[in-house]
file data13.txt (compact mmCIF, C-alpha atoms)
# COMPACT_ATOMS: atom_id res chain seq x y z
CA MET A 377 -27.53 -3.87 6.68
CA LYS A 378 -24.44 -4.44 8.83
CA LEU A 379 -21.52 -5.37 6.61
CA SER A 380 -18.82 -7.79 7.63
CA GLU A 381 -15.36 -6.44 8.40
CA ASN A 382 -13.89 -9.95 8.19
CA TYR A 383 -11.21 -10.46 5.53
CA TRP A 384 -8.94 -13.30 4.49
CA THR A 385 -5.52 -13.02 2.87
CA TYR A 386 -4.04 -15.49 0.42
CA PRO A 387 -0.69 -15.48 -1.42
CA ALA A 388 -1.56 -16.38 -5.01
CA GLU A 389 0.73 -16.35 -8.04
CA THR A 390 0.51 -14.17 -11.15
CA GLU A 391 1.00 -15.47 -14.68
CA SER A 392 4.57 -14.13 -14.55
CA GLY A 393 5.32 -16.17 -11.42
CA LYS A 394 5.26 -13.24 -8.98
CA THR A 395 3.39 -13.35 -5.68
CA LEU A 396 -0.03 -11.68 -5.67
CA ILE A 397 -1.51 -10.95 -2.26
CA VAL A 398 -5.29 -11.39 -2.42
CA THR A 399 -7.37 -9.92 0.37
CA GLY A 400 -11.03 -10.92 0.19
CA ARG A 401 -13.99 -9.82 2.24
CA ASP A 402 -15.82 -12.61 4.00
CA ASP A 403 -19.50 -13.04 4.83
CA MET A 404 -20.84 -11.37 1.69
CA ASP A 405 -23.62 -13.87 0.87
CA ALA A 406 -26.51 -11.72 2.13
CA VAL A 407 -25.16 -8.63 0.38
CA ARG A 408 -24.55 -10.52 -2.87
CA GLU A 409 -27.94 -12.23 -2.77
CA SER A 410 -29.77 -8.95 -2.10
CA GLY A 411 -29.32 -8.03 -5.77
CA LYS A 412 -28.72 -4.39 -4.77
CA TYR A 413 -25.14 -4.21 -6.08
CA PRO A 414 -25.17 -5.20 -9.77
CA TYR A 415 -22.10 -3.23 -10.92
CA ARG A 416 -18.47 -4.20 -10.37
CA LEU A 417 -15.82 -1.53 -10.39
CA THR A 418 -12.11 -2.20 -10.35
CA VAL A 419 -9.95 0.73 -9.27
CA SER A 420 -6.38 0.03 -10.39
CA TRP A 421 -3.06 1.60 -9.49
CA ASP A 422 -0.06 0.60 -11.61
CA TYR A 423 3.26 1.22 -9.87
CA THR A 424 6.95 0.60 -10.49
CA PRO A 425 7.57 -2.66 -8.64
CA LEU A 426 10.55 -3.74 -6.63
CA PRO A 427 12.14 -7.02 -7.85
CA ASP A 428 9.61 -9.01 -5.79
CA GLY A 429 6.72 -7.26 -7.58
CA PHE A 430 5.60 -5.17 -4.61
CA PRO A 431 5.65 -1.38 -4.22
CA ASP A 432 8.41 0.54 -2.47
CA ALA A 433 7.76 1.74 1.09
CA GLU A 434 6.60 5.24 0.08
CA THR A 435 4.12 3.92 -2.49
CA ALA A 436 2.92 1.21 -0.10
CA ALA A 437 2.26 3.83 2.59
CA LEU A 438 0.24 5.97 0.17
CA MET A 439 -1.69 2.88 -0.97
CA GLU A 440 -2.49 2.11 2.67
CA GLN A 441 -3.83 5.66 3.13
CA ALA A 442 -6.01 5.23 0.03
CA ASP A 443 -7.15 1.81 1.26
CA GLU A 444 -8.21 3.18 4.66
CA ALA A 445 -9.94 6.19 3.08
CA LEU A 446 -11.89 3.96 0.67
CA LYS A 447 -12.94 1.61 3.46
CA ALA A 448 -14.03 4.50 5.69
CA GLU A 449 -16.08 6.16 2.95
CA THR A 450 -17.83 2.96 1.90
CA ARG A 451 -18.65 2.25 5.57
CA LYS A 452 -20.45 5.62 5.74
CA ASP A 453 -22.18 5.31 2.38
CA GLN A 454 -23.21 1.70 1.76
CA ALA A 455 -23.92 2.36 -1.91
CA ALA A 456 -20.67 0.49 -2.61
CA VAL A 457 -18.98 -2.52 -1.02
CA LEU A 458 -15.26 -3.29 -1.15
CA THR A 459 -14.95 -7.04 -1.77
CA GLY A 460 -11.32 -7.60 -2.70
CA VAL A 461 -7.85 -6.13 -2.95
CA TYR A 462 -5.10 -7.59 -5.13
CA THR A 463 -1.50 -6.40 -4.77
CA GLY A 464 1.57 -7.56 -6.65
CA ASP A 465 3.45 -7.62 -9.94
CA GLY A 466 3.32 -3.82 -10.28
CA ARG A 467 -0.38 -3.32 -9.66
CA ARG A 468 -2.98 -2.92 -6.93
CA ASP A 469 -6.65 -3.48 -7.70
CA TRP A 470 -9.53 -2.63 -5.38
CA VAL A 471 -12.74 -4.41 -6.39
CA PHE A 472 -16.07 -2.89 -5.42
CA TYR A 473 -19.68 -3.73 -6.08
CA THR A 474 -22.06 -0.78 -6.23
CA ARG A 475 -25.68 0.17 -6.65
CA SER A 476 -24.87 3.07 -8.97
CA LEU A 477 -21.87 4.04 -11.10
CA HIS A 478 -22.68 7.72 -10.60
CA ILE A 479 -22.84 7.40 -6.81
CA PHE A 480 -19.61 5.39 -6.78
CA ARG A 481 -17.81 8.24 -8.53
CA ASN A 482 -18.88 10.55 -5.70
CA ILE A 483 -17.78 8.04 -3.05
CA LEU A 484 -14.38 7.67 -4.72
CA ASN A 485 -13.88 11.42 -5.00
CA ARG A 486 -14.84 12.02 -1.35
CA ALA A 487 -12.61 9.18 -0.14
CA LEU A 488 -9.52 10.37 -1.97
CA ALA A 489 -10.04 14.15 -1.67
CA ASP A 490 -7.32 14.63 0.97
CA LEU A 491 -4.70 12.58 -0.88
CA PRO A 492 -2.47 13.72 -3.74
CA VAL A 493 -3.66 12.91 -7.25
CA LEU A 494 -3.16 9.17 -7.65
CA PRO A 495 -2.41 7.25 -10.88
CA LEU A 496 -5.71 5.37 -10.87
CA SER A 497 -7.72 3.82 -13.66
CA ILE A 498 -11.27 2.52 -13.28
CA ASP A 499 -13.00 -0.30 -15.08
CA ALA A 500 -16.74 -0.88 -14.68
CA ALA A 501 -18.83 -3.88 -15.68
CA GLU A 502 -22.24 -5.32 -14.98
CA ASP A 503 -21.78 -8.34 -12.71
CA PRO A 504 -25.14 -8.89 -10.98
CA ASP A 505 -24.19 -12.46 -10.01
CA TRP A 506 -20.87 -11.36 -8.49
CA GLU A 507 -18.91 -13.75 -10.69
CA GLU A 508 -15.57 -12.05 -9.97
CA TYR A 509 -16.12 -12.29 -6.22
CA LEU A 510 -17.25 -15.92 -6.35
CA ASP A 511 -14.22 -16.83 -8.49
CA MET A 512 -11.82 -15.03 -6.12
CA ARG A 513 -13.42 -16.75 -3.13
CA ALA A 514 -13.35 -20.20 -4.76
CA ASN A 515 -9.65 -19.86 -5.56
CA THR A 516 -8.27 -18.06 -2.49
CA TYR A 517 -10.58 -18.41 0.53
CA VAL A 518 -8.90 -19.09 3.85
CA PRO A 519 -11.33 -19.93 6.69
CA PRO A 520 -10.95 -17.94 9.91
CA GLN A 521 -8.77 -19.46 12.59
CA GLU A 522 -10.65 -20.79 15.58
CA ASP A 523 -9.34 -19.49 18.91
call {"tool": "encode", "arguments": {"input": "data13.txt", "output": "structure tokens"}}
result
Amino acid sequence: MKLSENYWTYPAETESGKTLIVTGRDDMDAVRESGKYPYRLTVSWDYTPLPDGFPDAETAALMEQADEALKAETRKDQAAVLTGVYTGDGRRDWVFYTRSLHIFRNILNRALADLPVLPLSIDAAEDPDWEEYLDMRANTYVPPQED
């Protein structure tokens, strides 16, 4: 199955009033409806924020490296799908849906193997209906611009 590489970005607001940049993956209906990805994993990185809630340049650069590595590894091994990234107020969350928690652990380890040890935490939940994704999309979706 060819996965979409289309994303939207939306500036939301956290409960503390800080900006939260939400990046969502578009065109996920066929993947979601396939029923093949029943588990949601949130990989979180808490960081010391600047006054605006975002990371400093060094942390942001390392986060970008991790982001690209995660995207590249999930492109190769479609056992997991990155559906959203949230950044702001001292935290970045990557949200994935996966076929297998065990396989996702291997994907994560391969993706981040060349980076220094990162301060990540992982939360897993069953979400066969993709409720988190549908909620994010309902609240932040920005349609693509027509050329």
call {"tool": "atom_distance", "arguments": {"input": "data13.txt", "atom1": "CA of Ala445 (chain A)", "atom2": "CA of Met404 (chain A)"}}
result
20.7 Å
call {"tool": "closest_residue", "arguments": {"input": "data13.txt", "among": "A:Leu446, A:Ala455, A:Leu379, A:Val461", "to": "Thr516 (chain A)", "atoms": "all atoms listed in the file"}}
result
A:Val461
call {"tool": "closest_atom_pairs", "arguments": {"input": "data13.txt", "of": "region 403-454 of chain A", "to": "region 465-489 of chain A", "cutoff": "7 Å", "atoms": "all atoms listed in the file", "output": "CSV"}}
result
residue,atom,partner,partner_atom,distance
A:Lys412,CA,A:Arg475,CA,5.8
A:Tyr413,CA,A:Arg475,CA,4.4
A:Pro414,CA,A:Arg475,CA,6.2
A:Tyr415,CA,A:Thr474,CA,5.3
A:Arg416,CA,A:Tyr473,CA,4.5
A:Leu417,CA,A:Phe472,CA,5.2
A:Thr418,CA,A:Val471,CA,4.6
A:Val419,CA,A:Trp470,CA,5.2
A:Ser420,CA,A:Asp469,CA,4.4
A:Trp421,CA,A:Arg468,CA,5.2
A:Asp422,CA,A:Arg467,CA,4.4
A:Tyr423,CA,A:Gly466,CA,5.1
A:Thr424,CA,A:Gly466,CA,5.7
A:Pro425,CA,A:Gly466,CA,4.7
A:Gly429,CA,A:Asp465,CA,4.0
A:Phe430,CA,A:Asp465,CA,6.2
A:Pro431,CA,A:Gly466,CA,6.9
A:Ala442,CA,A:Leu488,CA,6.5
A:Ala445,CA,A:Ala487,CA,5.1
A:Leu446,CA,A:Ala487,CA,5.3
A:Glu449,CA,A:Ala487,CA,5.5
call {"tool": "atom_distance", "arguments": {"input": "data13.txt", "atom1": "CA of Asp428 (chain A)", "atom2": "CA of Pro387 (chain A)"}}
result
12.9 Å
call {"tool": "atom_distance", "arguments": {"input": "data13.txt", "atom1": "CA of Thr435 (chain A)", "atom2": "CA of Leu494 (chain A)"}}
result
10.4 Å
call {"tool": "closest_residue", "arguments": {"input": "data13.txt", "among": "A:Ser392, A:Ile397, A:Gly411, A:Arg451", "to": "Glu502 (chain A)", "atoms": "only C-alpha atoms"}}
result
A:Gly411
call {"tool": "closest_residue", "arguments": {"input": "data13.txt", "among": "A:Leu426, A:Met439, A:Ala406, A:Met512", "to": "Val493 (chain A)", "atoms": "only C-alpha atoms"}}
result
A:Met439
call {"tool": "closest_residue", "arguments": {"input": "data13.txt", "among": "A:Asp511, A:Asp503, A:Glu409, A:Asp432", "to": "Gly464 (chain A)", "atoms": "all atoms listed in the file"}}
result
A:Asp432
call {"tool": "decode", "arguments": {"input": "data13.txt", "residues": "region 409-443 of chain A", "atoms": "N, CA, C and O atoms", "output": "compact mmCIF listing (two decimals), in the first residue's frame"}}
result
# COMPACT_ATOMS: atom_id res chain seq x y z
N GLU A 409 -8.96 2.46 7.67
CA GLU A 409 -10.07 1.53 7.46
C GLU A 409 -9.61 0.10 7.20
O GLU A 409 -10.41 -0.83 7.30
N SER A 410 -8.33 -0.10 6.90
CA SER A 410 -7.83 -1.45 6.67
C SER A 410 -7.88 -2.30 7.94
O SER A 410 -7.90 -3.53 7.86
N GLY A 411 -7.87 -1.66 9.10
CA GLY A 411 -7.89 -2.39 10.36
C GLY A 411 -6.57 -3.04 10.71
O GLY A 411 -6.48 -3.77 11.70
N LYS A 412 -5.52 -2.78 9.95
CA LYS A 412 -4.23 -3.44 10.15
C LYS A 412 -3.36 -2.77 11.22
O LYS A 412 -2.31 -3.30 11.57
N TYR A 413 -3.76 -1.60 11.70
CA TYR A 413 -2.93 -0.84 12.62
C TYR A 413 -3.73 -0.50 13.88
O TYR A 413 -4.15 0.64 14.08
N PRO A 414 -3.95 -1.47 14.76
CA PRO A 414 -4.85 -1.24 15.90
C PRO A 414 -4.20 -0.58 17.12
O PRO A 414 -4.90 -0.20 18.06
N TYR A 415 -2.87 -0.45 17.13
CA TYR A 415 -2.18 0.09 18.30
C TYR A 415 -1.65 1.49 18.02
O TYR A 415 -1.05 1.73 16.98
N ARG A 416 -1.86 2.38 18.99
CA ARG A 416 -1.33 3.74 18.89
C ARG A 416 -0.16 3.86 19.87
O ARG A 416 -0.26 3.46 21.02
N LEU A 417 0.93 4.40 19.35
CA LEU A 417 2.09 4.66 20.19
C LEU A 417 2.42 6.13 20.12
O LEU A 417 2.47 6.71 19.03
N THR A 418 2.66 6.72 21.27
CA THR A 418 3.09 8.10 21.34
C THR A 418 4.50 8.10 21.89
O THR A 418 4.74 7.63 23.00
N VAL A 419 5.43 8.59 21.08
CA VAL A 419 6.83 8.73 21.49
C VAL A 419 7.00 10.19 21.87
O VAL A 419 6.81 11.08 21.03
N SER A 420 7.36 10.44 23.13
CA SER A 420 7.42 11.80 23.65
C SER A 420 8.83 12.19 24.05
O SER A 420 9.59 11.37 24.57
N TRP A 421 9.14 13.45 23.82
CA TRP A 421 10.43 14.04 24.18
C TRP A 421 10.13 15.32 24.92
O TRP A 421 9.69 16.30 24.34
N ASP A 422 10.36 15.32 26.23
CA ASP A 422 10.23 16.54 27.03
C ASP A 422 11.55 17.30 26.97
O ASP A 422 12.62 16.69 27.10
N TYR A 423 11.47 18.60 26.75
CA TYR A 423 12.66 19.43 26.64
C TYR A 423 12.47 20.71 27.44
O TYR A 423 11.35 21.07 27.81
N THR A 424 13.57 21.39 27.72
CA THR A 424 13.51 22.68 28.39
C THR A 424 13.15 23.73 27.36
O THR A 424 13.92 23.98 26.43
N PRO A 425 11.96 24.33 27.48
CA PRO A 425 11.50 25.24 26.44
C PRO A 425 12.09 26.65 26.58
O PRO A 425 12.43 27.09 27.66
N LEU A 426 12.16 27.30 25.43
CA LEU A 426 12.41 28.74 25.43
C LEU A 426 11.12 29.42 25.92
O LEU A 426 10.09 28.76 26.07
N PRO A 427 11.14 30.73 26.17
CA PRO A 427 9.92 31.40 26.65
C PRO A 427 8.68 31.18 25.77
O PRO A 427 7.55 31.17 26.27
N ASP A 428 8.87 30.96 24.47
CA ASP A 428 7.72 30.73 23.59
C ASP A 428 7.22 29.29 23.62
O ASP A 428 6.25 28.94 22.94
N GLY A 429 7.91 28.42 24.39
CA GLY A 429 7.49 27.03 24.51
C GLY A 429 8.18 26.07 23.56
O GLY A 429 8.01 24.86 23.64
N PHE A 430 9.00 26.61 22.66
CA PHE A 430 9.66 25.77 21.66
C PHE A 430 11.09 25.45 22.09
O PHE A 430 11.66 26.12 22.96
N PRO A 431 11.70 24.44 21.47
CA PRO A 431 13.05 24.05 21.84
C PRO A 431 14.09 25.04 21.32
O PRO A 431 13.84 25.78 20.36
N ASP A 432 15.27 25.02 21.95
CA ASP A 432 16.38 25.82 21.44
C ASP A 432 16.86 25.22 20.12
O ASP A 432 16.44 24.12 19.73
N ALA A 433 17.73 25.94 19.42
CA ALA A 433 18.15 25.54 18.07
C ALA A 433 18.83 24.16 18.08
O ALA A 433 18.59 23.35 17.17
N GLU A 434 19.67 23.89 19.06
CA GLU A 434 20.38 22.60 19.11
C GLU A 434 19.40 21.45 19.30
O GLU A 434 19.47 20.42 18.61
N THR A 435 18.46 21.61 20.22
CA THR A 435 17.46 20.56 20.46
C THR A 435 16.56 20.40 19.24
O THR A 435 16.24 19.27 18.83
N ALA A 436 16.15 21.51 18.64
CA ALA A 436 15.30 21.45 17.45
C ALA A 436 16.00 20.70 16.31
O ALA A 436 15.37 19.92 15.60
N ALA A 437 17.29 20.93 16.14
CA ALA A 437 18.05 20.24 15.09
C ALA A 437 18.10 18.73 15.35
O ALA A 437 17.94 17.93 14.43
N LEU A 438 18.30 18.35 16.60
CA LEU A 438 18.35 16.93 16.95
C LEU A 438 16.96 16.30 16.78
O LEU A 438 16.83 15.17 16.28
N MET A 439 15.91 17.06 17.12
CA MET A 439 14.55 16.56 16.91
C MET A 439 14.27 16.35 15.43
O MET A 439 13.61 15.38 15.05
N GLU A 440 14.78 17.25 14.60
CA GLU A 440 14.58 17.12 13.15
C GLU A 440 15.29 15.87 12.63
O GLU A 440 14.75 15.16 11.77
N GLN A 441 16.49 15.59 13.15
CA GLN A 441 17.20 14.37 12.76
C GLN A 441 16.38 13.14 13.15
O GLN A 441 16.26 12.19 12.37
N ALA A 442 15.84 13.14 14.37
CA ALA A 442 15.03 12.01 14.83
C ALA A 442 13.78 11.89 13.97
O ALA A 442 13.39 10.77 13.57
N ASP A 443 13.16 13.02 13.65
CA ASP A 443 11.95 13.02 12.82
C ASP A 443 12.23 12.39 11.45
O ASP A 443 11.49 11.51 11.00
